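Q: Provided herewith is a single structure, encoded as structure tokens, for subsequent inquiry.
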Amino acid sequence: MKHFFIYCMLLLLSWQAHAQVEVKGRVLDDEGKPLPGTTVLEEGTSNGTATDADGQFTMNVSSSQAVLLFEFVGYEPLRYPLNGRTSIEVRLKPSALSLQEVAIVGSRSLNRSVTETPVAVDVLDVQKFTNDYGQVEINQLLHYVAPSFNANRQSGADGADHIMPATLRGLGPDQTLVLINGKRRHQSSLINIFGSRGRGNTGTDLNAIPAAAIERIEILRDGASAQYGSDAIAGVINIVLKSDVDKGSLNVTTGMYNAQPPAQYDVKTDKQFDGETVQVAANYGVALGEKGFINTTIDFLKQNHTNRPADPAKFDIYRRRFGSAAVDNFRTFVNAELPLNNTAAVYAFGGYSQRYTDAYAWTREANSERNVPQIYPNGFDPRITSDIRDISFSAGVRSKFKGWDVDFNNTYGRNYFHYIIDGTLNASLGVKSPTRFDAGGHAFSQNITGLHFTRYYKNIMQGFNLAFGTEYRIDRYQIFAGEEASWKDYDDPNDPNSKPGGSQGFPGFRPENEVDESRYNLAFYIDGELDITQKWLVAAAARFENYSDFGSTFTAKLASRYALSKQLAVRGSVSTGFRAPSLAQIYYNTTFTDFVSGQPVDKIIAKNNSPITRTLGIPQLKQEESLNASLGFTFSNDVFSATIDGYMVDVRDRIVLTGAFEDTDPDIGADLQALGVGAAQFFTNALDTRTFGLDVILAYVLRMSEEHSFTFSLAGNFNTMELGAVKTSAKLRGKEDIYFGEREKHFLLASAPPSKITASIDYQRNRFNANIRAVRFDKVVLIDWLGTEDVYNPVVVTDVTLGYDLYKNISLKIGASNLFNVYPTQQDTETETGGLWDAVQHGTDGAFYFSKLLVRF
């Protein structure tokens, strides 16, 4: 009887195995793009699988008449009867609420939406925002769209006029990591030493990337050093490039600024409009074979100066030229992939940007010792022009190996910044002085080789995703000298009638400033996400890094999400972070001219390992370390989405640029004089900071019909920073007010306003569409050169766009950014910029009126 029972069981199992049918298929979106990570279930059973990176799946079902269920975040579920078919292709339609889009940053698992990730992630449809509003560059677009992102145009801030510094959650530009298609993007070679944003920091030049090449931008608003490496203390910005085929677009934008501020501002300008702008961007994708593609973008932007000078009849200190730099920017980007077989593909992406910028420096008056009246009888306004070239290339192979998704990649990037000073002179050369100088510059390059493994185990609890890998990175930083006349003083310094040397506006880098330094970094990481139940997700990551110049570090992260219901969930995380000093912070050194209450003062910034720093006891730079924690709630259904996330970021030993120590100091002045230095500044680990904040993002879709809808959104960031005690060297103890004084502290605190709230309404009816957006920037307080507070009161900036589809594939839009021509609160000209405003809140250019022609083909 026992043997008969076993025989019957084997026969039944054999019959079941024989009855099962193998089904192969592919899941695409409505545009024909694969949807990796789509859940595929057999109706009425627990049998299921998920699609791979190409949207493909294979599974056994009970019969050829089975019904399959397809689910993917951001798309409507699909019920699909097989009816005898064993090879299928299905397409899913997007759901009404676009904020449910899948995110690939913050989670190495496929098929996690914005509200399903264990940490806060924004997914921004770049084409929508570039089409609907007047911003023409990525930094400004994100500044108005993402509440926790801040970027301000500078004026009279040397290199910061040319590469705009940006911050996330009020932390430094170099504390946010930027990725493209999930691969690390190199930083710029510029370190900011002036301006009210990002001083003492390097950052990534997002404006080198054309918006027309971007499908979406994902912003991970959480510490992610353990997942992606150092520089991710504040979070991660991942730029996902377009992969469209057989379709293209042409966007032409024209616009200009209203050059007349309201009457209550003491501005003296004769123009009605300035900052004239023309941008032409084209994108097109073609197929490579059956499943490959190559998508190419070309973008050209030309923008003239703006000028908002203070009225000289009312102010003794003023600049005749105060406003945004002129820009000529050419950018191109390519994204490509070519399958080798059913399991492997090669891919590559990269771009090139060349930007010529022209920014005004401080006015040199006719009677200034820095002028030669025979050359400039009425004084002059030096212009800092630049040639900025940015190149990047990433290539790799993706394949499957024994159930693992394997990605081998190499990414290279280089940023080159060359200063040319025009409309200037070297006063020590007198009437023989040229009026244009090559002032040298700096460059930064980075090469990263990485090997990454990912695997999804569907049978471990409710699913387990495991990823691990290694990266080897080489960084190189260079400073190259300018021509001799750009920096040399040809007069006898003992002659009482001698005049200052060097090109006015920006003295060139000297041969002794030249730098060529490199370092390497080797990293290993492991990252796992476990769905313990269908409601409870736990994620953990750990990373080990070894720097050739800073030793080893270990960072870790733990995050979790629990679904209280199908629509409501709670999520939170805690992590440690690490950021090594940048090569620029260690080795940058220069002689420059600063303006203190309108008076020029020559200063130096010394290298961290220079004789000056050793003499004054400035300690060797060490790493910044952080502790991040967050807790939030998410809610989502077909028409409404909400995320609310609180956070804390504790940064220890934050690197800053000190104030200037002068040779008249009673304690250290003699040391500076012995070294031939009039005033010196340094990079140093000066203090600890603690940032608390809250991010709120709400969205609601009201669909009246297929072609008639409203979309309402409300997004806000509330942010406050606490500063710890200033840490000086033993020799400089008691000089905390110079080391990092109240003025520098206020600039750091103003990296983000206490709150920024954005409300927008998008309306669509047949061929007509309209977009209205209001952004409220909270109060900001700075300290001017006289030690008094400059208070910038809250303002609301309103953007409006009206659009009409002329034909099926041609649209025309007109609109205004800052429709009501709102400016910051006027100050006197003792500001950092020498104008009536610092670079705060929404800028100082006023209303921008624009038109856009959009052609899709």
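Note on naming: chains are A, B, ... as they come in the structure tokens, residues start from 1 per chain, ligands start from 1 in the order shown.
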Within region 610-751 of chain A, find each residue whose DSSP state, derived from the backbone, is helix (DSSP H, G or I), and express the selection as a list in words.

A: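 Matching residues, listed in order: Pro611, Ile612, Thr613, Arg614, Thr615, Gly669, Ala670, Asp671, Leu672, Gln673, Ala674, Ala730, Lys731, Leu732, Glu736, Asp737, Ile738, Tyr739, Glu742, Arg743, Glu744, Lys745, His746, Phe747, Leu748 and Leu749 of chain A.
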
Q: Keeping C-alpha atoms for every residue in the selection just given, could you write it to a file as a PDB file, in the first residue's frame?

A:
ATOM      1  CA  PRO A 611      54.501  77.221   5.086  1.00  0.00           C
ATOM      2  CA  ILE A 612      51.861  79.798   6.090  1.00  0.00           C
ATOM      3  CA  THR A 613      49.429  77.182   7.377  1.00  0.00           C
ATOM      4  CA  ARG A 614      52.219  75.431   9.278  1.00  0.00           C
ATOM      5  CA  THR A 615      53.412  78.712  10.796  1.00  0.00           C
ATOM      6  CA  GLY A 669      50.994  89.838  12.056  1.00  0.00           C
ATOM      7  CA  ALA A 670      54.761  89.462  12.360  1.00  0.00           C
ATOM      8  CA  ASP A 671      54.558  85.877  11.083  1.00  0.00           C
ATOM      9  CA  LEU A 672      52.583  87.025   8.034  1.00  0.00           C
ATOM     10  CA  GLN A 673      54.971  89.898   7.374  1.00  0.00           C
ATOM     11  CA  ALA A 674      57.942  87.541   7.556  1.00  0.00           C
ATOM     12  CA  ALA A 730      46.086  76.681  19.437  1.00  0.00           C
ATOM     13  CA  LYS A 731      47.926  79.672  17.981  1.00  0.00           C
ATOM     14  CA  LEU A 732      44.691  81.290  16.775  1.00  0.00           C
ATOM     15  CA  GLU A 736      37.164  82.841  16.480  1.00  0.00           C
ATOM     16  CA  ASP A 737      35.516  85.992  15.096  1.00  0.00           C
ATOM     17  CA  ILE A 738      38.108  86.031  12.301  1.00  0.00           C
ATOM     18  CA  TYR A 739      38.516  82.284  11.965  1.00  0.00           C
ATOM     19  CA  GLU A 742      29.328  86.090  12.316  1.00  0.00           C
ATOM     20  CA  ARG A 743      29.437  87.189   8.684  1.00  0.00           C
ATOM     21  CA  GLU A 744      30.639  83.790   7.456  1.00  0.00           C
ATOM     22  CA  LYS A 745      28.193  82.021   9.779  1.00  0.00           C
ATOM     23  CA  HIS A 746      25.254  83.895   8.278  1.00  0.00           C
ATOM     24  CA  PHE A 747      26.340  82.988   4.758  1.00  0.00           C
ATOM     25  CA  LEU A 748      26.401  79.337   5.795  1.00  0.00           C
ATOM     26  CA  LEU A 749      22.994  79.575   7.472  1.00  0.00           C
TER      27      LEU A 749
END

Q: Neighbours of Lys24 (chain A) within 7 Å (only C-alpha atoms; same-chain residues fewer than 2 positions away dropped), as a ChimeraX atom specification?

A: /A:22,57-59,86-88

Q: Give me, please, the distance in Å between CA of Ala263 (chain A) and CA of Ala839 (chain A), quoted to one decimal.

A: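 Spanning CA of Ala263 (chain A) to CA of Ala839 (chain A) is a straight-line distance of 20.8 Å.
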
Q: Can you pull out the residues contacting Arg221 (chain A)? Cut-off 12 Å, using only C-alpha atoms, and skip same-chain residues under 4 positions away; I want them as a PDB file with N, CA and C atoms, in the first residue's frame.

A:
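Below you can see part23.pdb, which holds the result:
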ATOM      1  N   VAL A 105      17.012  55.441  -8.095  1.00  0.00           N
ATOM      2  CA  VAL A 105      17.983  55.891  -7.117  1.00  0.00           C
ATOM      3  C   VAL A 105      17.380  55.716  -5.730  1.00  0.00           C
ATOM      4  N   GLY A 106      18.226  55.389  -4.762  1.00  0.00           N
ATOM      5  CA  GLY A 106      17.737  55.161  -3.410  1.00  0.00           C
ATOM      6  C   GLY A 106      17.331  53.722  -3.175  1.00  0.00           C
ATOM      7  N   VAL A 114       7.829  56.269  -6.006  1.00  0.00           N
ATOM      8  CA  VAL A 114       8.200  57.335  -5.077  1.00  0.00           C
ATOM      9  C   VAL A 114       7.625  57.075  -3.693  1.00  0.00           C
ATOM     10  N   THR A 117       9.404  53.627  -1.855  1.00  0.00           N
ATOM     11  CA  THR A 117      10.792  53.562  -1.422  1.00  0.00           C
ATOM     12  C   THR A 117      10.869  53.798   0.083  1.00  0.00           C
ATOM     13  N   PRO A 118      11.896  53.229   0.745  1.00  0.00           N
ATOM     14  CA  PRO A 118      12.015  53.430   2.191  1.00  0.00           C
ATOM     15  C   PRO A 118      12.581  54.786   2.573  1.00  0.00           C
ATOM     16  N   VAL A 119      12.991  55.580   1.582  1.00  0.00           N
ATOM     17  CA  VAL A 119      13.500  56.930   1.832  1.00  0.00           C
ATOM     18  C   VAL A 119      12.851  57.892   0.841  1.00  0.00           C
ATOM     19  N   ALA A 120      13.043  59.204   1.071  1.00  0.00           N
ATOM     20  CA  ALA A 120      12.369  60.214   0.248  1.00  0.00           C
ATOM     21  C   ALA A 120      13.050  60.371  -1.106  1.00  0.00           C
ATOM     22  N   VAL A 121      12.274  60.235  -2.170  1.00  0.00           N
ATOM     23  CA  VAL A 121      12.774  60.385  -3.536  1.00  0.00           C
ATOM     24  C   VAL A 121      11.780  61.226  -4.341  1.00  0.00           C
ATOM     25  N   ASP A 122      12.285  62.243  -5.048  1.00  0.00           N
ATOM     26  CA  ASP A 122      11.474  62.991  -6.013  1.00  0.00           C
ATOM     27  C   ASP A 122      11.792  62.487  -7.409  1.00  0.00           C
ATOM     28  N   VAL A 123      10.782  62.338  -8.246  1.00  0.00           N
ATOM     29  CA  VAL A 123      10.980  62.002  -9.653  1.00  0.00           C
ATOM     30  C   VAL A 123      10.385  63.123 -10.487  1.00  0.00           C
ATOM     31  N   ALA A 146      12.130  71.729  -7.174  1.00  0.00           N
ATOM     32  CA  ALA A 146      12.426  70.869  -6.025  1.00  0.00           C
ATOM     33  C   ALA A 146      12.585  71.726  -4.772  1.00  0.00           C
ATOM     34  N   PRO A 147      11.728  71.593  -3.786  1.00  0.00           N
ATOM     35  CA  PRO A 147      11.752  72.498  -2.626  1.00  0.00           C
ATOM     36  C   PRO A 147      13.059  72.491  -1.849  1.00  0.00           C
ATOM     37  N   SER A 148      13.737  71.344  -1.760  1.00  0.00           N
ATOM     38  CA  SER A 148      14.949  71.270  -0.945  1.00  0.00           C
ATOM     39  C   SER A 148      16.204  71.640  -1.720  1.00  0.00           C
ATOM     40  N   PHE A 149      16.069  71.991  -3.003  1.00  0.00           N
ATOM     41  CA  PHE A 149      17.208  72.339  -3.861  1.00  0.00           C
ATOM     42  C   PHE A 149      17.276  73.856  -3.997  1.00  0.00           C
ATOM     43  N   THR A 167      22.793  73.742  -3.655  1.00  0.00           N
ATOM     44  CA  THR A 167      22.771  73.003  -2.407  1.00  0.00           C
ATOM     45  C   THR A 167      21.498  72.186  -2.291  1.00  0.00           C
ATOM     46  N   LEU A 168      21.560  71.118  -1.497  1.00  0.00           N
ATOM     47  CA  LEU A 168      20.415  70.275  -1.199  1.00  0.00           C
ATOM     48  C   LEU A 168      20.244  70.235   0.316  1.00  0.00           C
ATOM     49  N   ARG A 169      19.039  70.577   0.768  1.00  0.00           N
ATOM     50  CA  ARG A 169      18.727  70.613   2.198  1.00  0.00           C
ATOM     51  C   ARG A 169      19.653  71.554   2.968  1.00  0.00           C
ATOM     52  N   GLY A 170      20.159  72.606   2.299  1.00  0.00           N
ATOM     53  CA  GLY A 170      20.957  73.613   2.959  1.00  0.00           C
ATOM     54  C   GLY A 170      22.378  73.206   3.248  1.00  0.00           C
ATOM     55  N   LEU A 171      22.815  72.033   2.799  1.00  0.00           N
ATOM     56  CA  LEU A 171      24.186  71.594   3.008  1.00  0.00           C
ATOM     57  C   LEU A 171      25.049  72.074   1.841  1.00  0.00           C
ATOM     58  N   GLN A 175      28.447  68.243  -0.902  1.00  0.00           N
ATOM     59  CA  GLN A 175      27.857  67.192  -0.067  1.00  0.00           C
ATOM     60  C   GLN A 175      26.659  66.532  -0.749  1.00  0.00           C
ATOM     61  N   THR A 176      26.460  66.836  -2.033  1.00  0.00           N
ATOM     62  CA  THR A 176      25.426  66.198  -2.847  1.00  0.00           C
ATOM     63  C   THR A 176      26.102  65.476  -4.003  1.00  0.00           C
ATOM     64  N   LEU A 177      25.828  64.197  -4.140  1.00  0.00           N
ATOM     65  CA  LEU A 177      26.408  63.393  -5.211  1.00  0.00           C
ATOM     66  C   LEU A 177      25.490  63.428  -6.433  1.00  0.00           C
ATOM     67  N   ALA A 232      27.709  62.035  -0.697  1.00  0.00           N
ATOM     68  CA  ALA A 232      26.258  61.844  -0.681  1.00  0.00           C
ATOM     69  C   ALA A 232      25.686  62.099   0.708  1.00  0.00           C
ATOM     70  N   ILE A 233      26.304  63.009   1.464  1.00  0.00           N
ATOM     71  CA  ILE A 233      25.818  63.318   2.814  1.00  0.00           C
ATOM     72  C   ILE A 233      24.422  63.930   2.756  1.00  0.00           C
ATOM     73  N   ALA A 234      24.210  64.877   1.839  1.00  0.00           N
ATOM     74  CA  ALA A 234      22.903  65.532   1.728  1.00  0.00           C
ATOM     75  C   ALA A 234      21.919  64.726   0.899  1.00  0.00           C
ATOM     76  N   GLY A 235      22.428  63.913  -0.026  1.00  0.00           N
ATOM     77  CA  GLY A 235      21.556  63.142  -0.892  1.00  0.00           C
ATOM     78  C   GLY A 235      22.189  62.916  -2.249  1.00  0.00           C
ATOM     79  N   VAL A 236      21.365  62.467  -3.182  1.00  0.00           N
ATOM     80  CA  VAL A 236      21.834  62.086  -4.511  1.00  0.00           C
ATOM     81  C   VAL A 236      20.880  62.642  -5.557  1.00  0.00           C
ATOM     82  N   ILE A 237      21.447  63.180  -6.633  1.00  0.00           N
ATOM     83  CA  ILE A 237      20.669  63.584  -7.808  1.00  0.00           C
ATOM     84  C   ILE A 237      21.056  62.656  -8.950  1.00  0.00           C
ATOM     85  N   ASN A 238      20.100  61.883  -9.447  1.00  0.00           N
ATOM     86  CA  ASN A 238      20.350  60.961 -10.550  1.00  0.00           C
ATOM     87  C   ASN A 238      19.640  61.466 -11.798  1.00  0.00           C
ATOM     88  N   GLY A 572      11.365  55.210   7.338  1.00  0.00           N
ATOM     89  CA  GLY A 572      12.413  55.910   8.067  1.00  0.00           C
ATOM     90  C   GLY A 572      13.771  55.310   7.777  1.00  0.00           C
ATOM     91  N   SER A 573      14.808  56.039   8.158  1.00  0.00           N
ATOM     92  CA  SER A 573      16.167  55.572   7.911  1.00  0.00           C
ATOM     93  C   SER A 573      17.123  56.197   8.908  1.00  0.00           C
ATOM     94  N   ASN A 628      22.808  60.787   9.667  1.00  0.00           N
ATOM     95  CA  ASN A 628      21.524  61.178   9.079  1.00  0.00           C
ATOM     96  C   ASN A 628      20.407  60.327   9.664  1.00  0.00           C
ATOM     97  N   ALA A 629      19.259  60.950   9.902  1.00  0.00           N
ATOM     98  CA  ALA A 629      18.081  60.208  10.328  1.00  0.00           C
ATOM     99  C   ALA A 629      16.850  60.829   9.693  1.00  0.00           C
ATOM    100  N   SER A 630      15.887  60.004   9.324  1.00  0.00           N
ATOM    101  CA  SER A 630      14.655  60.517   8.715  1.00  0.00           C
ATOM    102  C   SER A 630      13.481  59.654   9.146  1.00  0.00           C
ATOM    103  N   LEU A 631      12.301  60.259   9.152  1.00  0.00           N
ATOM    104  CA  LEU A 631      11.058  59.558   9.455  1.00  0.00           C
ATOM    105  C   LEU A 631       9.944  60.232   8.672  1.00  0.00           C
ATOM    106  N   GLY A 632       9.134  59.427   7.974  1.00  0.00           N
ATOM    107  CA  GLY A 632       8.104  60.046   7.155  1.00  0.00           C
ATOM    108  C   GLY A 632       6.918  59.142   6.904  1.00  0.00           C
ATOM    109  N   THR A 643       3.711  62.777   0.356  1.00  0.00           N
ATOM    110  CA  THR A 643       4.866  62.313   1.115  1.00  0.00           C
ATOM    111  C   THR A 643       5.242  63.409   2.107  1.00  0.00           C
ATOM    112  N   ILE A 644       5.473  63.020   3.355  1.00  0.00           N
ATOM    113  CA  ILE A 644       5.882  63.943   4.417  1.00  0.00           C
ATOM    114  C   ILE A 644       7.069  63.308   5.127  1.00  0.00           C
ATOM    115  N   ASP A 645       8.220  63.957   5.062  1.00  0.00           N
ATOM    116  CA  ASP A 645       9.442  63.383   5.612  1.00  0.00           C
ATOM    117  C   ASP A 645      10.179  64.405   6.464  1.00  0.00           C
ATOM    118  N   GLY A 646      10.428  64.050   7.717  1.00  0.00           N
ATOM    119  CA  GLY A 646      11.278  64.852   8.580  1.00  0.00           C
ATOM    120  C   GLY A 646      12.695  64.297   8.569  1.00  0.00           C
ATOM    121  N   TYR A 647      13.681  65.158   8.798  1.00  0.00           N
ATOM    122  CA  TYR A 647      15.063  64.688   8.728  1.00  0.00           C
ATOM    123  C   TYR A 647      15.960  65.470   9.685  1.00  0.00           C
ATOM    124  N   MET A 648      17.081  64.839  10.012  1.00  0.00           N
ATOM    125  CA  MET A 648      18.142  65.450  10.796  1.00  0.00           C
ATOM    126  C   MET A 648      19.469  65.058  10.169  1.00  0.00           C
ATOM    127  N   VAL A 649      20.349  66.037   9.952  1.00  0.00           N
ATOM    128  CA  VAL A 649      21.673  65.775   9.397  1.00  0.00           C
ATOM    129  C   VAL A 649      22.704  66.415  10.321  1.00  0.00           C
ATOM    130  N   GLY A 693      14.856  69.405   9.361  1.00  0.00           N
ATOM    131  CA  GLY A 693      13.970  69.857   8.303  1.00  0.00           C
ATOM    132  C   GLY A 693      12.777  68.954   8.090  1.00  0.00           C
ATOM    133  N   LEU A 694      11.869  69.445   7.262  1.00  0.00           N
ATOM    134  CA  LEU A 694      10.654  68.722   6.897  1.00  0.00           C
ATOM    135  C   LEU A 694      10.367  68.973   5.423  1.00  0.00           C
ATOM    136  N   ASP A 695      10.160  67.896   4.672  1.00  0.00           N
ATOM    137  CA  ASP A 695       9.756  67.976   3.264  1.00  0.00           C
ATOM    138  C   ASP A 695       8.315  67.503   3.137  1.00  0.00           C
ATOM    139  N   VAL A 696       7.499  68.278   2.431  1.00  0.00           N
ATOM    140  CA  VAL A 696       6.096  67.923   2.197  1.00  0.00           C
ATOM    141  C   VAL A 696       5.813  68.044   0.709  1.00  0.00           C
ATOM    142  N   ASN A 717       9.666  72.833   1.682  1.00  0.00           N
ATOM    143  CA  ASN A 717      10.808  72.428   2.492  1.00  0.00           C
ATOM    144  C   ASN A 717      10.948  73.414   3.648  1.00  0.00           C
TER     145      ASN A 717
END

Q: Can you pull out every residue within 12 Å of Pro81 (chain A), counting only C-alpha atoms, but drop anything in the same chain fewer than 6 positions away, and send it as a list in words?

A: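 Near neighbours after the sequence-gap exclusion: Leu41, Glu42, Glu43, Val61, Ser63, Ser64, Gln65, Ala66, Val67, Leu68, Leu69, Phe70, Ile88 and Val90 of chain A.
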
Q: Once you have the residues from the selection above, write them out as an mmCIF file, in the first residue's frame, restricted to C-alpha atoms.

A:
data_model
loop_
_atom_site.group_PDB
_atom_site.id
_atom_site.type_symbol
_atom_site.label_atom_id
_atom_site.label_comp_id
_atom_site.auth_asym_id
_atom_site.auth_seq_id
_atom_site.Cartn_x
_atom_site.Cartn_y
_atom_site.Cartn_z
ATOM 1 C CA LEU A 41 1.180 36.752 -11.565
ATOM 2 C CA GLU A 42 -0.998 33.841 -12.590
ATOM 3 C CA GLU A 43 -4.541 34.697 -11.524
ATOM 4 C CA VAL A 61 1.646 28.382 -15.741
ATOM 5 C CA SER A 63 -2.464 25.699 -18.507
ATOM 6 C CA SER A 64 -2.482 27.508 -21.832
ATOM 7 C CA GLN A 65 -5.832 29.032 -20.785
ATOM 8 C CA ALA A 66 -4.438 30.728 -17.689
ATOM 9 C CA VAL A 67 -4.936 34.444 -17.024
ATOM 10 C CA LEU A 68 -1.915 36.630 -16.238
ATOM 11 C CA LEU A 69 -1.961 39.791 -14.130
ATOM 12 C CA PHE A 70 0.586 42.547 -14.813
ATOM 13 C CA ILE A 88 3.174 37.363 -25.759
ATOM 14 C CA VAL A 90 1.855 43.428 -23.572
#
